[in-house]
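For reference, model26.txt (compact mmCIF, C-alpha atoms):
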# COMPACT_ATOMS: atom_id res chain seq x y z
CA MET I 1 0.00 0.00 0.00
CA ARG I 2 2.82 2.40 0.86
CA LEU I 3 4.40 1.68 -2.51
CA ILE I 4 1.14 2.52 -4.30
CA TRP I 5 0.89 5.86 -2.50
CA LEU I 6 4.52 6.62 -3.34
CA VAL I 7 3.89 5.95 -7.03
CA VAL I 8 0.79 8.19 -6.99
CA PHE I 9 2.76 10.95 -5.28
CA LEU I 10 5.59 10.78 -7.79
CA LEU I 11 3.23 10.82 -10.75
CA GLY I 12 1.54 13.94 -9.38
CA CYS I 13 4.76 15.92 -8.97
CA PRO I 14 6.68 17.61 -11.78
CA ALA I 15 10.03 15.93 -12.38
CA GLU I 16 11.80 19.30 -12.04
CA ASP I 17 10.94 19.26 -8.33
CA PHE I 18 13.32 16.30 -7.96
CA GLY I 19 16.17 17.95 -9.83
CA VAL I 20 15.47 15.97 -13.01
CA HIS I 21 15.33 17.91 -16.27
CA VAL I 22 12.64 16.63 -18.59
CA PRO I 23 13.32 17.38 -22.28
CA SER I 24 10.83 20.05 -23.21
CA GLY I 25 10.44 22.93 -25.58
CA GLY I 26 7.90 23.92 -28.13
CA ILE I 27 4.41 25.23 -27.70
CA ASP I 28 3.00 21.95 -26.37
CA SER I 29 5.34 22.03 -23.37
CA ILE I 30 3.52 25.10 -22.00
CA ASN I 31 0.82 23.42 -19.93
CA ASN I 32 -2.03 24.36 -17.61
CA GLU I 33 -0.58 22.54 -14.59
CA ASP I 34 2.62 24.61 -14.62
CA VAL I 35 0.79 27.89 -15.21
CA GLN I 36 -1.63 27.32 -12.33
CA ARG I 37 1.13 26.22 -9.97
CA ASP I 38 3.23 29.30 -10.76
CA VAL I 39 0.32 31.70 -10.25
CA TRP I 40 -0.65 30.12 -6.94
CA SER I 41 2.95 30.02 -5.68
CA LEU I 42 3.18 33.80 -6.12
CA THR I 43 -0.17 34.68 -4.52
CA ARG I 44 -0.16 32.68 -1.28
CA GLY I 45 0.47 34.15 2.19
CA SER I 46 3.09 36.88 2.32
CA LEU I 47 3.68 36.46 -1.43
CA SER I 48 0.35 38.09 -2.17
CA HIS I 49 2.22 41.35 -1.42
CA ARG I 50 5.58 41.31 -3.16
CA ARG I 51 6.12 45.00 -3.71
CA VAL I 52 9.57 46.45 -3.05
CA GLY I 53 10.06 46.93 0.69
CA GLU I 54 7.64 44.16 1.65
CA PRO I 55 8.77 40.74 2.95
CA GLY I 56 7.40 38.89 -0.04
CA HIS I 57 9.56 40.75 -2.59
CA GLN I 58 12.79 38.82 -2.19
CA GLU I 59 11.03 35.57 -1.35
CA GLY I 60 9.05 35.79 -4.57
CA LEU I 61 12.17 36.54 -6.62
CA LYS I 62 13.84 33.40 -5.30
CA ILE I 63 10.87 31.31 -6.47
CA ILE I 64 10.83 32.97 -9.91
CA ARG I 65 14.60 32.57 -10.26
CA ARG I 66 14.42 28.88 -9.41
CA ARG I 67 11.72 28.31 -12.01
CA LEU I 68 13.54 30.21 -14.76
CA LEU I 69 16.77 28.33 -14.08
CA GLN I 70 14.86 25.04 -14.37
CA MET I 71 14.24 26.03 -17.99
CA ARG I 72 17.99 26.03 -18.65
CA THR I 73 18.36 29.79 -18.57
CA LEU I 74 21.40 31.31 -16.86
CA PRO I 75 21.81 34.42 -14.68
CA ALA I 76 22.12 37.41 -17.00
CA VAL I 77 23.75 39.69 -14.42
CA GLY I 78 26.25 38.74 -11.73
CA SER I 79 26.25 35.22 -10.36
CA GLN I 80 22.59 35.20 -9.28
CA GLY I 81 20.75 37.26 -11.90
CA PHE I 82 19.78 40.14 -9.58
CA GLN I 83 20.14 43.85 -10.41
CA ALA I 84 19.79 46.11 -7.35
CA VAL I 85 17.12 48.80 -7.64
CA GLY I 86 16.90 50.87 -4.46
CA GLU I 87 15.57 48.48 -1.80
CA GLY I 88 14.49 45.95 -4.40
CA TYR I 89 15.86 43.89 -7.26
CA ASN I 90 15.29 43.18 -10.90
CA LEU I 91 15.77 39.56 -11.94
CA CYS I 92 17.14 38.68 -15.37
CA THR I 93 18.18 35.33 -16.84
CA ILE I 94 19.29 34.46 -20.36
CA ARG I 95 19.09 31.67 -22.90
CA GLU I 96 22.23 32.24 -24.91
CA GLY I 97 21.90 32.14 -28.69
CA ARG I 98 24.24 31.52 -31.58
CA GLY I 99 24.37 35.13 -32.75
CA ASN I 100 25.01 38.54 -31.22
CA LEU I 101 21.41 39.83 -31.20
CA HIS I 102 19.02 39.76 -28.23
CA VAL I 103 15.29 39.27 -27.79
CA LEU I 104 14.08 40.72 -24.48
CA LEU I 105 10.95 39.39 -22.74
CA SER I 106 9.97 41.38 -19.67
CA VAL I 107 7.34 41.70 -16.98
CA THR I 108 6.96 44.82 -14.85
CA ASP I 109 6.01 43.28 -11.51
CA VAL I 110 3.70 45.47 -9.41
CA GLY I 111 3.98 42.84 -6.68
CA GLN I 112 0.27 42.37 -6.07
CA GLY I 113 -2.54 40.32 -7.50
CA ALA I 114 -2.86 37.32 -9.77
CA TYR I 115 -4.04 39.22 -12.86
CA LEU I 116 -1.94 42.35 -12.34
CA SER I 117 1.26 40.49 -11.58
CA ALA I 118 1.45 36.70 -11.13
CA SER I 119 -0.26 35.79 -14.41
CA SER I 120 2.37 37.65 -16.43
CA ILE I 121 5.22 36.06 -14.48
CA ALA I 122 3.69 32.61 -14.96
CA GLY I 123 3.54 33.48 -18.66
CA LEU I 124 7.22 34.44 -18.69
CA ILE I 125 8.15 31.12 -17.08
CA GLY I 126 5.93 29.25 -19.54
CA LEU I 127 7.61 31.02 -22.45
CA ALA I 128 11.03 30.07 -21.09
CA LYS I 129 9.89 26.45 -21.03
CA GLY I 130 8.50 26.70 -24.55
CA LEU I 131 11.85 28.06 -25.77
CA ASP I 132 13.85 25.34 -24.00
CA THR I 133 14.44 23.43 -27.20
CA PRO I 134 17.42 21.29 -28.26
CA GLY I 135 20.33 23.39 -29.43
CA ARG I 136 20.83 27.12 -29.04
CA PRO I 137 18.38 29.61 -30.53
CA ALA I 138 19.48 31.92 -33.33
CA HIS I 139 19.44 34.90 -30.96
CA SER I 140 19.88 35.19 -27.20
CA VAL I 141 16.65 35.48 -25.21
CA VAL I 142 16.68 37.54 -21.99
CA PHE I 143 13.90 37.02 -19.44
CA CYS I 144 13.46 39.93 -16.99
CA VAL I 145 11.14 40.62 -14.06
CA PHE I 146 11.37 44.32 -13.21
CA ALA I 147 10.75 45.64 -9.70
CA GLY I 148 7.89 47.91 -10.72
CA GLU I 149 8.27 50.91 -13.02
CA ARG I 150 11.38 52.02 -11.13
CA GLY I 151 12.99 48.68 -11.91
CA LYS I 152 12.15 49.02 -15.58
CA GLU I 153 13.63 52.52 -15.66
CA ALA I 154 16.81 51.23 -13.95
CA PHE I 155 17.18 48.54 -16.61
CA GLU I 156 16.69 51.04 -19.43
CA ALA I 157 19.34 53.28 -17.85
CA ALA I 158 21.80 50.38 -17.50
CA PRO I 159 20.85 47.59 -19.94
CA LEU I 160 22.63 44.26 -19.67
CA PHE I 161 23.65 44.23 -23.32
CA PRO I 162 24.44 46.86 -25.99
CA VAL I 163 21.26 48.58 -27.15
CA GLU I 164 22.22 48.13 -30.79
CA THR I 165 22.01 44.34 -30.36
CA LEU I 166 18.32 44.48 -29.33
CA LYS I 167 16.34 42.74 -32.07
CA SER I 168 12.98 42.72 -30.27
CA TRP I 169 11.60 43.69 -26.84
CA ILE I 170 8.21 42.33 -25.81
CA GLU I 171 6.62 43.47 -22.53
CA ILE I 172 4.16 40.87 -21.26
CA GLY I 173 0.88 41.37 -19.42
CA PRO I 174 -1.37 41.59 -17.72
CA LEU I 175 -2.86 38.39 -19.14
CA GLY I 176 -5.49 35.88 -18.09
CA LEU I 177 -8.86 37.56 -18.56
CA PRO I 178 -11.23 37.07 -21.51
CA GLY I 179 -10.59 39.41 -24.37
CA GLU I 180 -8.54 39.97 -27.47
CA LEU I 181 -4.78 40.23 -27.13
CA SER I 182 -3.67 43.79 -27.79
CA TRP I 183 -0.21 44.57 -29.18
CA VAL I 184 0.87 48.13 -28.45
CA GLU I 185 3.77 49.16 -30.66
CA LYS I 186 6.19 51.47 -28.86
CA SER I 187 8.91 51.44 -31.50
CA ASP I 188 10.17 49.31 -34.35
CA VAL I 189 11.59 46.77 -31.88
CA HIS I 190 9.54 47.44 -28.72
CA ALA I 191 5.96 46.31 -28.08
CA ARG I 192 3.67 45.39 -25.20
CA VAL I 193 1.10 42.60 -25.24
CA THR I 194 -1.89 42.60 -22.88
CA VAL I 195 -5.63 41.87 -22.87
CA LYS I 196 -7.62 44.58 -24.60
CA ASP I 197 -10.21 46.36 -22.43
CA ALA I 198 -9.91 43.78 -19.61
CA VAL I 199 -11.49 44.73 -16.28
CA THR I 200 -10.67 43.01 -12.98
CA SER I 201 -12.75 43.23 -9.84
CA ASP I 202 -10.29 43.14 -6.97
CA GLN I 203 -6.72 44.02 -7.91
CA GLY I 204 -6.50 40.73 -9.74
CA ILE I 205 -7.45 37.93 -7.35
CA VAL I 206 -6.84 34.35 -8.48
CA ASP I 207 -10.57 33.74 -8.94
CA ASP I 208 -10.58 36.38 -11.69
CA LEU I 209 -8.40 34.23 -13.92
CA ASP I 210 -9.54 31.70 -16.47
CA PHE I 211 -6.49 29.47 -16.72
CA ARG I 212 -7.57 27.97 -20.03
CA ILE I 213 -7.66 31.44 -21.52
CA LEU I 214 -4.35 32.35 -19.87
CA LEU I 215 -2.70 29.25 -21.35
CA GLU I 216 -4.04 30.07 -24.82
CA GLN I 217 -2.77 33.64 -24.56
CA ILE I 218 0.71 32.52 -23.47
CA ARG I 219 0.86 30.12 -26.41
CA ASP I 220 -0.18 32.92 -28.78
CA VAL I 221 2.67 35.07 -27.47
CA HIS I 222 5.03 32.12 -27.91
CA GLY I 223 4.18 32.04 -31.61
CA VAL I 224 5.14 35.69 -32.02
CA ILE I 225 8.41 35.19 -30.15
CA ALA I 226 9.27 32.16 -32.26
CA GLN I 227 8.99 34.43 -35.32
CA ALA I 228 11.20 37.06 -33.64
CA LEU I 229 13.87 34.41 -33.15
CA GLN I 230 14.04 33.60 -36.81
CA VAL I 231 17.03 34.74 -38.80
CA PRO I 232 17.78 37.45 -39.71
Before we go any further, please render this structure as structure tokens.
Amino acid sequence: MRLIWLVVFLLGCPAEDFGVHVPSGGIDSINNEDVQRDVWSLTRGSLSHRRVGEPGHQEGLKIIRRRLLQMRTLPAVGSQGFQAVGEGYNLCTIREGRGNLHVLLSVTDVGQGAYLSASSIAGLIGLAKGLDTPGRPAHSVVFCVFAGERGKEAFEAAPLFPVETLKSWIEIGPLGLPGELSWVEKSDVHARVTVKDAVTSDQGIVDDLDFRILLEQIRDVHGVIAQALQVP
């Protein structure tokens, strides 16, 4: 009987939790189980408030960092991937490519709410998994979680790579509510994707999210990024 329960437990747990890397990559690897787990992990207890200066800020970054590193990304700054911003930190990891150009995927983390914050971060992690394919991509992909608008401004003032090597920058979120994806062009290489005209009732509680819709939206964004990674 104990053996049966052990088998059931192992089958219900992602292999990454045991330090085992499961070959992944591609759009089908972005799954509902991972997305839900990542949203819930960033909205429980003290992590429901992860703004700079609150206890959940650094704790949440450690969880996000662990998940991004599971997708075979590497710290993009220093040995840990953290860029100090006042009392808080940006987190950036990288999937190194064959060429010298960079594709930047970023989330500006307001540190509160499932819709306003955690859904976008879960999307970023899902995209990292979808891009964890055999071999190196044509261009390097940088995954960043900014500590609010101040964190984004700090990154723009001190980017981690030469600006002239930026092929595409996609800001992600908020995502997860019904509605058409809206792409807001900021420049030839810079755009933001979010849900058009979405309205949330309570700063983005988990119950607001439809995870099936969130998964579909993340996969749609993956398709656009896959095109951005094509040569030239």
Atom-to-atom span, atom CA of Arg67 of chain I and atom CA of Ala114 of chain I, Å:
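Taking atom CA of Arg67 of chain I as the start and atom CA of Ala114 of chain I as the end point, the length is 17.3 Å.
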Write out as an MDAnalysis selection string the residues lying within 8 Å of Val189 of chain I, counting all atoms listed in the file and excluding same-chain residues fewer than 6 positions away.
chainID I and resid 166:169
Between I:Val195, I:Val110, I:Val77, I:Ala84, single out the one closest to His49 of chain I, counting only C-alpha atoms.
I:Val110
Find, counting all atoms listed in the file, the residue in I:Ser117, I:Gln112, I:Asn32, I:Thr73 that gets nearest to Arg136 of chain I.
I:Thr73
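Shortest separation to Gly113 of chain I among I:Phe143, I:Trp183, I:Trp40, I:Tyr89 occurs at residue I:Trp40, atoms counted being only C-alpha atoms.
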Have a look at atom CA of Ile94 of chain I and atom CA of Ile30 of chain I and let me know their distance in Å, one decimal.
18.4 Å
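Nearest residue to Arg37 of chain I, choosing from I:Gly151, I:Gly126, I:Pro137, I:Gly223 and counting all atoms listed in the file: I:Gly126.
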Between I:Leu181, I:Ala154, I:Ile64, I:Leu74, which has the minimum distance to Gly97 of chain I (counting only C-alpha atoms)?
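With only C-alpha atoms as the atom set, the closest residue is I:Leu74.
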Point-to-point distance from atom CA of Leu175 of chain I to atom CA of Val141 of chain I, Å rounded to tenths:
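Going from atom CA of Leu175 of chain I over to atom CA of Val141 of chain I, I get 20.6 Å.
Counting all atoms listed in the file, the residue from I:Pro174, I:Gly130, I:Gly88, I:Gly25 that sits nearest to His222 of chain I is I:Gly130.
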Might I get the box with edges along x, y and z of the file that holds all atoms of segment 168-171 of chain I listed there, padded by 3 Å on every side, given as centre and edge lengths in Å to one decimal, as AutoDock Vina command-line options?
--center_x 9.8 --center_y 43.0 --center_z -26.4 --size_x 12.4 --size_y 7.4 --size_z 13.7
Can you tell me, as a list in words, what residues are no more than 6 Å from Gly56 of chain I when counting all atoms listed in the file, ignoring any on the same chain fewer than 6 positions away?
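Returned residues: Ser46, Leu47, His49 and Arg50 of chain I.
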